[in-house]
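Undergrad: What follows is model15.cif; its format and atoms are mmCIF, C-alpha atoms and all ligand atoms.
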data_my_file
#
loop_
_atom_site.label_atom_id
_atom_site.label_comp_id
_atom_site.auth_asym_id
_atom_site.auth_seq_id
_atom_site.Cartn_x
_atom_site.Cartn_y
_atom_site.Cartn_z
CA MET K 20 59.12 80.95 93.32
CA ASN K 21 57.47 82.97 96.05
CA ALA K 22 58.61 80.62 98.81
CA GLY K 23 62.12 80.50 97.32
CA PHE K 24 62.30 84.25 97.23
CA HIS K 25 61.16 84.57 100.86
CA ARG K 26 63.76 82.00 101.87
CA LEU K 27 66.45 83.94 100.01
CA ALA K 28 65.33 87.17 101.70
CA GLU K 29 65.61 85.48 105.10
CA THR K 30 69.03 83.99 104.26
CA LEU K 31 70.28 87.39 103.18
CA ARG K 32 68.90 89.06 106.31
CA GLN K 33 70.58 86.48 108.54
CA SER K 34 73.92 86.49 106.77
CA THR K 35 74.30 90.15 105.75
CA GLY K 36 71.69 92.16 107.67
CA ILE K 37 70.28 93.43 104.36
CA VAL K 38 66.49 93.52 104.41
CA ILE K 39 64.96 92.96 101.00
CA ASP K 40 62.06 95.22 100.14
CA PRO K 41 59.33 92.84 98.79
CA THR K 42 58.21 95.50 96.28
CA LYS K 43 61.68 95.26 94.65
CA ARG K 44 61.30 91.52 94.14
CA PHE K 45 60.99 91.62 90.35
CA ALA K 46 63.93 93.97 89.91
CA LEU K 47 66.03 91.68 92.12
CA GLU K 48 64.95 88.58 90.23
CA ALA K 49 66.15 90.25 87.04
CA ARG K 50 69.57 90.79 88.66
CA LEU K 51 69.67 87.21 89.92
CA SER K 52 68.72 85.68 86.59
CA SER K 53 72.20 86.20 85.11
CA ILE K 54 73.71 84.25 88.03
CA ALA K 55 71.08 81.54 87.52
CA VAL K 56 72.01 81.32 83.82
CA ALA K 57 75.68 80.78 84.75
CA ARG K 58 74.99 78.38 87.60
CA CYS K 59 71.70 76.55 87.15
CA HIS K 60 70.78 76.67 83.44
CA GLY K 61 68.66 79.77 84.16
CA ASP K 62 66.51 78.04 86.79
CA ILE K 63 66.21 80.64 89.58
CA THR K 64 64.10 78.32 91.73
CA ALA K 65 66.80 75.63 91.67
CA MET K 66 69.41 78.28 92.47
CA LEU K 67 67.44 79.68 95.41
CA ASP K 68 66.88 76.13 96.66
CA SER K 69 70.62 75.59 96.85
CA VAL K 70 71.24 78.63 99.07
CA ARG K 71 71.29 77.38 102.64
CA PRO K 72 70.65 79.73 105.58
CA GLY K 73 73.65 80.01 107.91
CA GLN K 74 76.02 78.50 105.32
CA LYS K 75 78.68 80.62 103.64
CA SER K 76 79.08 79.81 99.96
CA ASP K 77 80.43 81.30 96.74
CA LEU K 78 76.88 81.39 95.43
CA LEU K 79 75.69 83.45 98.40
CA ASP K 80 78.68 85.82 97.93
CA GLU K 81 77.71 86.20 94.28
CA ILE K 82 74.10 86.92 95.20
CA VAL K 83 75.21 89.53 97.76
CA ASP K 84 77.38 91.15 95.08
CA ALA K 85 74.36 91.28 92.75
CA ILE K 86 71.93 92.57 95.35
CA ALA K 87 73.92 95.03 97.50
CA THR K 88 73.50 98.69 96.55
CA ASN K 89 77.02 99.96 95.88
CA GLU K 90 76.04 103.54 95.07
CA THR K 91 78.84 105.88 96.15
CA PHE K 92 80.92 108.77 94.86
CA PHE K 93 83.93 110.85 95.79
CA PHE K 94 83.36 113.37 98.63
CA ARG K 95 79.73 112.25 98.92
CA ASP K 96 77.78 114.96 100.81
CA ARG K 97 81.00 117.02 101.20
CA SER K 98 80.27 118.05 104.83
CA PRO K 99 81.66 114.86 106.47
CA PHE K 100 85.02 115.52 104.82
CA ARG K 101 84.94 119.19 105.87
CA LEU K 102 84.21 118.04 109.44
CA LEU K 103 87.12 115.58 109.27
CA ALA K 104 89.51 118.21 107.92
CA GLY K 105 88.35 120.76 110.49
CA GLU K 106 87.08 119.97 113.97
CA ILE K 107 87.83 116.23 114.05
CA LEU K 108 91.43 116.59 112.88
CA SER K 109 92.04 119.55 115.13
CA HIS K 110 90.84 117.54 118.15
CA LEU K 111 92.97 114.52 117.22
CA LEU K 112 96.11 116.56 116.55
CA THR K 113 95.96 117.74 120.16
CA ALA K 114 94.61 114.59 121.80
CA ARG K 115 97.02 112.20 120.01
CA ALA K 116 100.05 114.51 120.04
CA GLU K 117 102.00 112.00 122.10
CA GLN K 118 101.27 108.82 120.10
CA ARG K 119 101.20 110.67 116.76
CA GLU K 120 98.90 108.01 115.36
CA ILE K 121 95.36 108.25 113.96
CA ARG K 122 93.26 105.20 113.12
CA ILE K 123 90.32 105.48 110.72
CA TRP K 124 87.89 102.82 109.46
CA CYS K 125 85.47 103.18 106.51
CA ASN K 126 83.42 100.08 107.05
CA ALA K 127 81.03 99.82 104.09
CA CYS K 128 83.39 101.42 101.62
CA SER K 129 81.84 100.07 98.42
CA THR K 130 84.19 100.67 95.47
CA GLY K 131 86.60 102.87 97.42
CA GLN K 132 85.52 106.44 96.69
CA GLU K 133 84.88 107.13 100.39
CA PRO K 134 88.24 105.97 101.81
CA TYR K 135 90.12 107.62 98.93
CA SER K 136 88.21 110.84 99.72
CA VAL K 137 89.37 110.47 103.34
CA ALA K 138 92.94 109.87 102.13
CA MET K 139 92.82 113.00 99.91
CA THR K 140 91.36 115.03 102.79
CA LEU K 141 94.19 113.95 105.08
CA ASP K 142 96.79 114.53 102.39
CA GLN K 143 95.54 118.12 102.16
CA ALA K 144 96.36 118.53 105.86
CA GLY K 145 99.99 118.46 104.67
CA GLN K 146 102.57 119.44 107.26
CA LYS K 147 100.14 119.15 110.17
CA LEU K 148 100.35 115.35 109.84
CA ALA K 149 104.07 115.19 108.97
CA GLY K 150 105.65 112.45 111.09
CA TRP K 151 102.25 110.98 112.04
CA ARG K 152 101.18 107.43 111.28
CA VAL K 153 97.71 107.35 109.75
CA ALA K 154 96.16 103.88 109.59
CA LEU K 155 93.28 103.98 107.12
CA HIS K 156 91.32 100.73 106.92
CA ALA K 157 88.46 100.25 104.45
CA SER K 158 86.16 97.23 104.19
CA ASP K 159 82.98 95.99 102.57
CA ILE K 160 81.02 92.75 102.40
CA SER K 161 81.04 92.70 98.58
CA ARG K 162 83.97 90.92 96.92
CA THR K 163 83.60 92.79 93.63
CA ALA K 164 83.34 96.15 95.41
CA VAL K 165 86.49 95.51 97.46
CA ALA K 166 88.37 94.27 94.37
CA ALA K 167 87.38 97.45 92.47
CA ALA K 168 88.35 99.60 95.45
CA ARG K 169 91.77 97.93 95.64
CA GLU K 170 92.27 98.41 91.93
CA GLY K 171 91.40 102.11 92.19
CA VAL K 172 90.48 102.59 88.53
CA TYR K 173 87.40 104.66 87.74
CA ASN K 174 85.67 105.57 84.50
CA GLN K 175 85.30 109.19 83.49
CA PHE K 176 81.87 109.57 85.13
CA GLU K 177 82.91 107.96 88.42
CA ALA K 178 86.20 109.85 88.64
CA GLN K 179 84.62 113.24 88.00
CA ARG K 180 81.57 112.65 90.16
CA GLY K 181 82.26 114.72 93.30
CA THR K 182 85.99 115.15 92.71
CA PRO K 183 87.26 118.74 92.51
CA THR K 184 89.17 119.19 89.22
CA ASN K 185 92.44 120.07 90.96
CA PHE K 186 92.18 116.81 92.98
CA LEU K 187 91.50 114.84 89.79
CA LEU K 188 94.71 116.20 88.33
CA LYS K 189 96.71 115.77 91.53
CA TYR K 190 95.58 112.33 92.73
CA PHE K 191 94.71 110.44 89.51
CA THR K 192 96.46 109.54 86.29
CA ARG K 193 94.75 109.06 82.96
CA GLU K 194 94.66 105.46 81.71
CA GLY K 195 92.90 105.29 78.33
CA ASP K 196 89.29 106.29 79.01
CA ASN K 197 89.73 105.76 82.76
CA TRP K 198 91.42 107.40 85.71
CA ARG K 199 93.71 105.51 88.12
CA ILE K 200 94.10 106.67 91.70
CA SER K 201 97.74 107.55 92.45
CA GLU K 202 99.86 104.86 94.07
CA GLN K 203 100.80 107.35 96.79
CA LEU K 204 97.12 107.50 97.83
CA ARG K 205 96.28 103.84 97.14
CA SER K 206 99.10 102.61 99.33
CA LYS K 207 97.65 104.55 102.28
CA VAL K 208 94.45 102.47 102.38
CA ARG K 209 94.29 98.86 103.61
CA PHE K 210 91.27 97.13 102.06
CA SER K 211 89.60 93.97 103.32
CA LEU K 212 86.41 91.96 103.01
CA PHE K 213 84.36 92.43 106.15
CA ASN K 214 80.76 91.75 107.10
CA LEU K 215 79.41 94.21 109.69
CA LEU K 216 77.53 91.32 111.33
CA SER K 217 80.89 89.71 112.25
CA PRO K 218 82.62 90.49 115.55
CA PHE K 219 84.83 93.63 115.45
CA ASN K 220 88.44 93.74 116.54
CA GLU K 221 88.23 95.65 119.79
CA HIS K 222 91.93 95.50 120.59
CA ARG K 223 93.03 98.39 118.39
CA LEU K 224 90.40 101.06 118.75
CA TYR K 225 89.64 103.59 116.04
CA ASP K 226 89.66 107.37 116.32
CA VAL K 227 87.18 107.86 113.49
CA ILE K 228 84.71 105.41 111.96
CA PHE K 229 82.77 106.15 108.79
CA CYS K 230 79.67 103.94 108.63
CA ARG K 231 77.70 105.74 105.96
CA ASN K 232 74.68 104.73 103.91
CA VAL K 233 74.65 101.11 105.01
CA LEU K 234 72.61 101.00 108.25
CA ILE K 235 69.57 102.05 106.18
CA TYR K 236 69.52 98.56 104.61
CA PHE K 237 69.22 96.81 108.00
CA ASP K 238 66.31 96.33 110.39
CA ALA K 239 66.13 98.22 113.72
CA GLU K 240 67.52 95.34 115.77
CA THR K 241 70.55 94.86 113.49
CA ARG K 242 71.20 98.63 113.49
CA ARG K 243 71.05 98.69 117.31
CA ASP K 244 73.44 95.74 117.56
CA ILE K 245 75.97 97.22 115.11
CA LEU K 246 75.85 100.65 116.78
CA ALA K 247 76.41 99.03 120.20
CA ARG K 248 79.43 97.08 118.90
CA LEU K 249 80.85 100.13 117.08
CA ALA K 250 80.86 101.95 120.43
CA LYS K 251 83.29 99.28 121.68
CA ALA K 252 85.50 99.59 118.59
CA ILE K 253 86.09 103.34 118.93
CA ARG K 254 88.15 105.30 121.45
CA PRO K 255 86.23 107.20 124.14
CA ASP K 256 86.90 110.50 122.34
CA GLY K 257 86.48 109.05 118.82
CA PHE K 258 83.90 110.07 116.21
CA LEU K 259 81.37 107.91 114.36
CA VAL K 260 80.18 109.51 111.10
CA LEU K 261 76.88 108.27 109.63
CA GLY K 262 75.18 108.99 106.28
CA ALA K 263 73.05 112.01 105.47
CA THR K 264 69.72 110.17 105.78
CA GLU K 265 70.64 108.08 108.82
CA THR K 266 69.66 108.66 112.44
CA ILE K 267 70.09 106.89 115.76
CA ALA K 268 67.15 105.83 117.92
CA SER K 269 66.33 108.43 120.54
CA GLY K 270 67.72 107.34 123.88
CA ASP K 271 70.47 105.22 122.30
CA PRO K 272 72.54 104.24 125.36
CA ASN K 273 75.89 104.27 123.52
CA TRP K 274 75.94 107.42 121.42
CA ILE K 275 75.13 111.11 121.60
CA THR K 276 75.03 113.53 118.69
CA TRP K 277 78.15 115.66 118.45
CA SER K 278 77.34 117.20 115.08
CA ALA K 279 73.84 117.09 113.55
CA ASN K 280 74.79 117.91 109.96
CA PRO K 281 76.76 115.89 109.03
CA LEU K 282 75.69 113.38 111.63
CA ALA K 283 78.69 112.59 113.82
CA LEU K 284 78.27 110.75 117.10
CA VAL K 285 80.44 110.40 120.17
CA ARG K 286 80.33 107.84 122.97
CA THR K 287 77.99 108.60 125.87
CA ASP K 288 80.73 107.51 128.29
CA GLY K 289 83.44 109.61 126.63
CA PRO K 290 84.77 113.07 127.46
CA PHE K 291 82.33 114.84 125.12
CA ALA K 292 79.23 113.56 126.89
CA PRO K 293 77.27 116.17 128.82
CA ARG K 294 78.04 115.57 132.50
CA SER K 295 75.00 115.27 134.74
C1 LIG K 301 75.33 102.46 99.41
S1 LIG K 301 76.90 101.76 99.67
C2 LIG K 301 77.65 103.01 100.71
C3 LIG K 301 79.08 103.29 100.32
C4 LIG K 301 79.75 104.43 101.07
N1 LIG K 301 79.82 104.17 102.49
C5 LIG K 301 79.05 105.74 100.82
O1 LIG K 301 78.37 106.24 101.73
O2 LIG K 301 79.16 106.27 99.72
C6 LIG K 301 76.52 100.47 100.84
C7 LIG K 301 77.60 99.44 100.97
O3 LIG K 301 77.34 98.63 102.11
C8 LIG K 301 77.81 97.34 101.84
N2 LIG K 301 77.20 96.40 102.80
C9 LIG K 301 75.94 95.92 102.82
N3 LIG K 301 75.78 95.05 103.83
C10 LIG K 301 76.97 94.98 104.46
C11 LIG K 301 77.44 94.25 105.59
N4 LIG K 301 76.66 93.40 106.27
N5 LIG K 301 78.73 94.42 105.96
C12 LIG K 301 79.55 95.27 105.29
N6 LIG K 301 79.17 95.99 104.22
C13 LIG K 301 77.89 95.84 103.81
C14 LIG K 301 77.41 97.11 100.39
O4 LIG K 301 78.17 96.08 99.78
C15 LIG K 301 77.67 98.50 99.79
O5 LIG K 301 78.94 98.57 99.19
#
What would the structure in this file look like if it were written as structure tokens?
Ligand SMILES: C[S@@+](CC[C@H](N)C(=O)[O-])C[C@H]1O[C@@H](n2cnc3c(N)ncnc32)[C@H](O)[C@@H]1O

TA:
Amino acid sequence: MNAGFHRLAETLRQSTGIVIDPTKRFALEARLSSIAVARCHGDITAMLDSVRPGQKSDLLDEIVDAIATNETFFFRDRSPFRLLAGEILSHLLTARAEQREIRIWCNACSTGQEPYSVAMTLDQAGQKLAGWRVALHASDISRTAVAAAREGVYNQFEAQRGTPTNFLLKYFTREGDNWRISEQLRSKVRFSLFNLLSPFNEHRLYDVIFCRNVLIYFDAETRRDILARLAKAIRPDGFLVLGATETIASGDPNWITWSANPLALVRTDGPFAPRS
């Protein structure tokens, strides 16, 4: 079992970047046992033996779904959304006045609360964005998370958690015990499955990237690699917003801190960088 678990941890690290904390092994085994029941008559060892490093498979996807921490809620930490509504939007409204287009990517969006919070924030900007095209792309590695995000239906606890009451009434409709996000908001977000270890599309650069509460699950080398590639996926005067407990390594060659709380970074080679 031990060897199988170590092999699984290595397979997960290679294919998703997620580093398994060995002290959580028993909790994880409990989560995996229901997959083993469905797939291998409850034999976790046989199941782990059939996961092959470097090989994509439905089983591996299922394991990622079971293991990934999907914790999220609407307007999580509040300040990133205030920053977006304030200084970031005010910069972009001037800087993109000619193109009248803003491109935003929430790239570990879990079950959708983060991109829908972005969509509500932008909707509140009202007339300022009238006539603008806002491309809002949201992605996650977890199939079940992306499916739930696309569906946009939340139970009472999830819907109320972080959502101001007036927003709940404006952007959701009651559906039995649940709340469904309005079609007007849902249609503004394009959801897809995407693994942050995969190459990014660097042809259409983003103005704002939310990459929150995911880098903490990766090792330092993976974090460095993702941050370096994100710098190539964002415009020179774009903003990368990280999670409340995340930091960048001091001396990171690609990013400088633009706002410390919430942590928003800008490219070292962009117009915000201090000139020497
Ligand atoms: C804790 S949630 C964060 C959700 C949201 N960004 C927030 O801050 O509320 C972390 C998410 O990262 C996703 N994730 C983990 N590894 C990933 C990877 N390699 N590529 C893309 N998403 C990943 C998980 O599936 C999970 O939904």

Undergrad: Do a neighbour search on Ser278 (chain K) at 10 Å with all atoms listed in the file, toss out local chain neighbours closer than 5 positions, and write the hits as JSON, numbers by chain.

TA: {"K": [99, 102, 258, 260, 283, 284, 285]}

Undergrad: Could I get the residue neighbourhood of ligand LIG 301 (chain K) at 9 Å, counting all atoms listed in the file, as a ChimeraX atom specification?

TA: /K:32,34-37,83-84,86-96,125-134,158-165,212-217,229-237,261-263

Undergrad: Enter the distance from CA of Ser109 (chain K) to CA of Phe219 (chain K), in Å, rounded to one decimal.

TA: 26.9 Å

Undergrad: What gap, in Å, lies between CA of Asp62 (chain K) and CA of Lys43 (chain K)?

TA: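 It comes out at 19.5 Å.
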
Undergrad: Counting all atoms listed in the file, which residues come within 10 Å of (88.8, 100.5, 117.9), with the point read in the file's coordinates, and could you list them as an mmCIF file with C-alpha atoms, in the frame of the given file?

TA:
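Full text of part-v4.cif as output:
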data_model
loop_
_atom_site.group_PDB
_atom_site.id
_atom_site.type_symbol
_atom_site.label_atom_id
_atom_site.label_comp_id
_atom_site.auth_asym_id
_atom_site.auth_seq_id
_atom_site.Cartn_x
_atom_site.Cartn_y
_atom_site.Cartn_z
ATOM 1 C CA ARG K 122 93.260 105.200 113.120
ATOM 2 C CA ILE K 123 90.320 105.480 110.720
ATOM 3 C CA TRP K 124 87.890 102.820 109.460
ATOM 4 C CA PHE K 219 84.830 93.630 115.450
ATOM 5 C CA ASN K 220 88.440 93.740 116.540
ATOM 6 C CA GLU K 221 88.230 95.650 119.790
ATOM 7 C CA HIS K 222 91.930 95.500 120.590
ATOM 8 C CA ARG K 223 93.030 98.390 118.390
ATOM 9 C CA LEU K 224 90.400 101.060 118.750
ATOM 10 C CA TYR K 225 89.640 103.590 116.040
ATOM 11 C CA ASP K 226 89.660 107.370 116.320
ATOM 12 C CA VAL K 227 87.180 107.860 113.490
ATOM 13 C CA ILE K 228 84.710 105.410 111.960
ATOM 14 C CA LEU K 249 80.850 100.130 117.080
ATOM 15 C CA ALA K 250 80.860 101.950 120.430
ATOM 16 C CA LYS K 251 83.290 99.280 121.680
ATOM 17 C CA ALA K 252 85.500 99.590 118.590
ATOM 18 C CA ILE K 253 86.090 103.340 118.930
ATOM 19 C CA ARG K 254 88.150 105.300 121.450
ATOM 20 C CA PRO K 255 86.230 107.200 124.140
ATOM 21 C CA GLY K 257 86.480 109.050 118.820
#

Undergrad: For CA of Leu204 (chain K) and CA of Leu282 (chain K), quote the distance in Å rounded to one decimal.

TA: 26.2 Å

Undergrad: Would you list the contacts of Pro272 (chain K) as a short mmCIF file (atom, residue, chain, number, x, y, z; two decimals) with C-alpha atoms, keeping the file's coordinate frame, taking every protein, DNA or RNA residue within 9 Å and counting only C-alpha atoms, but skipping same-chain residues closer than 6 positions in sequence?

TA:
data_model
loop_
_atom_site.label_atom_id
_atom_site.label_comp_id
_atom_site.auth_asym_id
_atom_site.auth_seq_id
_atom_site.Cartn_x
_atom_site.Cartn_y
_atom_site.Cartn_z
CA ALA K 247 76.41 99.03 120.20
CA ARG K 286 80.33 107.84 122.97
CA THR K 287 77.99 108.60 125.87
#

Undergrad: Let me have the centre and edge lengths in Å, one decimal, of the box along x, y and z around every listed atom of region 204-220 of chain K with 3 Å of margin on each side, as JSON.

TA:
{"center_x": 88.3, "center_y": 98.6, "center_z": 106.8, "size_x": 27.6, "size_y": 23.8, "size_z": 25.4}

Undergrad: So, with all atoms listed in the file as the atoms that count, which of K:Ala49, K:Arg119, K:Arg205, K:Arg248 lies closest to Pro218 (chain K)?

TA: K:Arg248

Undergrad: Return region 215-251 of chain K, completed with N, CA and C atoms, as a CSV table (one decimal), keeping the file's coordinate frame.

TA:
chain,number,residue,atom,x,y,z
K,215,LEU,N,79.7,93.5,108.4
K,215,LEU,CA,79.4,94.2,109.7
K,215,LEU,C,78.7,93.4,110.7
K,216,LEU,N,78.2,92.2,110.3
K,216,LEU,CA,77.5,91.3,111.3
K,216,LEU,C,78.6,90.5,112.1
K,217,SER,N,79.8,90.5,111.6
K,217,SER,CA,80.9,89.7,112.2
K,217,SER,C,81.4,90.5,113.4
K,218,PRO,N,82.1,89.8,114.4
K,218,PRO,CA,82.6,90.5,115.6
K,218,PRO,C,83.7,91.5,115.1
K,219,PHE,N,83.8,92.6,115.8
K,219,PHE,CA,84.8,93.6,115.4
K,219,PHE,C,86.1,93.4,116.3
K,220,ASN,N,87.2,93.8,115.8
K,220,ASN,CA,88.4,93.7,116.5
K,220,ASN,C,88.5,94.9,117.5
K,221,GLU,N,88.3,94.6,118.8
K,221,GLU,CA,88.2,95.6,119.8
K,221,GLU,C,89.6,95.9,120.5
K,222,HIS,N,90.6,95.3,119.9
K,222,HIS,CA,91.9,95.5,120.6
K,222,HIS,C,92.6,96.8,120.2
K,223,ARG,N,92.4,97.1,118.9
K,223,ARG,CA,93.0,98.4,118.4
K,223,ARG,C,91.9,99.3,118.0
K,224,LEU,N,91.6,100.2,118.9
K,224,LEU,CA,90.4,101.1,118.8
K,224,LEU,C,90.6,102.2,117.7
K,225,TYR,N,89.6,102.6,117.1
K,225,TYR,CA,89.6,103.6,116.0
K,225,TYR,C,89.4,105.0,116.6
K,226,ASP,N,89.9,106.0,116.0
K,226,ASP,CA,89.7,107.4,116.3
K,226,ASP,C,88.4,107.9,115.6
K,227,VAL,N,88.3,107.4,114.3
K,227,VAL,CA,87.2,107.9,113.5
K,227,VAL,C,86.6,106.6,112.7
K,228,ILE,N,85.3,106.5,112.8
K,228,ILE,CA,84.7,105.4,112.0
K,228,ILE,C,83.7,106.1,111.0
K,229,PHE,N,83.8,105.8,109.7
K,229,PHE,CA,82.8,106.2,108.8
K,229,PHE,C,81.9,104.9,108.6
K,230,CYS,N,80.6,105.1,108.9
K,230,CYS,CA,79.7,103.9,108.6
K,230,CYS,C,78.5,104.6,107.9
K,231,ARG,N,78.7,104.9,106.6
K,231,ARG,CA,77.7,105.7,106.0
K,231,ARG,C,76.9,105.0,104.9
K,232,ASN,N,75.6,105.2,104.9
K,232,ASN,CA,74.7,104.7,103.9
K,232,ASN,C,74.7,103.2,103.8
K,233,VAL,N,74.8,102.6,105.0
K,233,VAL,CA,74.6,101.1,105.0
K,233,VAL,C,73.6,100.7,106.1
K,234,LEU,N,73.6,101.4,107.2
K,234,LEU,CA,72.6,101.0,108.2
K,234,LEU,C,71.2,101.1,107.7
K,235,ILE,N,70.9,101.9,106.7
K,235,ILE,CA,69.6,102.0,106.2
K,235,ILE,C,69.1,100.7,105.6
K,236,TYR,N,70.0,99.8,105.2
K,236,TYR,CA,69.5,98.6,104.6
K,236,TYR,C,69.2,97.5,105.6
K,237,PHE,N,69.4,97.8,106.9
K,237,PHE,CA,69.2,96.8,108.0
K,237,PHE,C,67.9,97.1,108.8
K,238,ASP,N,67.5,96.1,109.5
K,238,ASP,CA,66.3,96.3,110.4
K,238,ASP,C,66.8,97.0,111.7
K,239,ALA,N,65.8,97.4,112.5
K,239,ALA,CA,66.1,98.2,113.7
K,239,ALA,C,67.0,97.4,114.7
K,240,GLU,N,66.7,96.1,114.8
K,240,GLU,CA,67.5,95.3,115.8
K,240,GLU,C,69.0,95.2,115.3
K,241,THR,N,69.2,95.0,114.0
K,241,THR,CA,70.6,94.9,113.5
K,241,THR,C,71.3,96.2,113.6
K,242,ARG,N,70.6,97.3,113.4
K,242,ARG,CA,71.2,98.6,113.5
K,242,ARG,C,71.7,98.9,114.9
K,243,ARG,N,70.7,98.5,115.9
K,243,ARG,CA,71.0,98.7,117.3
K,243,ARG,C,72.3,97.9,117.7
K,244,ASP,N,72.3,96.6,117.2
K,244,ASP,CA,73.4,95.7,117.6
K,244,ASP,C,74.8,96.3,117.0
K,245,ILE,N,74.7,96.7,115.7
K,245,ILE,CA,76.0,97.2,115.1
K,245,ILE,C,76.4,98.5,115.8
K,246,LEU,N,75.5,99.4,116.1
K,246,LEU,CA,75.8,100.6,116.8
K,246,LEU,C,76.4,100.4,118.2
K,247,ALA,N,75.9,99.4,118.9
K,247,ALA,CA,76.4,99.0,120.2
K,247,ALA,C,77.8,98.5,120.1
K,248,ARG,N,78.1,97.7,119.1
K,248,ARG,CA,79.4,97.1,118.9
K,248,ARG,C,80.4,98.1,118.4
K,249,LEU,N,79.9,99.1,117.6
K,249,LEU,CA,80.8,100.1,117.1
K,249,LEU,C,81.3,101.0,118.2
K,250,ALA,N,80.5,101.1,119.3
K,250,ALA,CA,80.9,102.0,120.4
K,250,ALA,C,82.0,101.3,121.2
K,251,LYS,N,82.2,100.0,121.0
K,251,LYS,CA,83.3,99.3,121.7
K,251,LYS,C,84.5,99.3,120.8
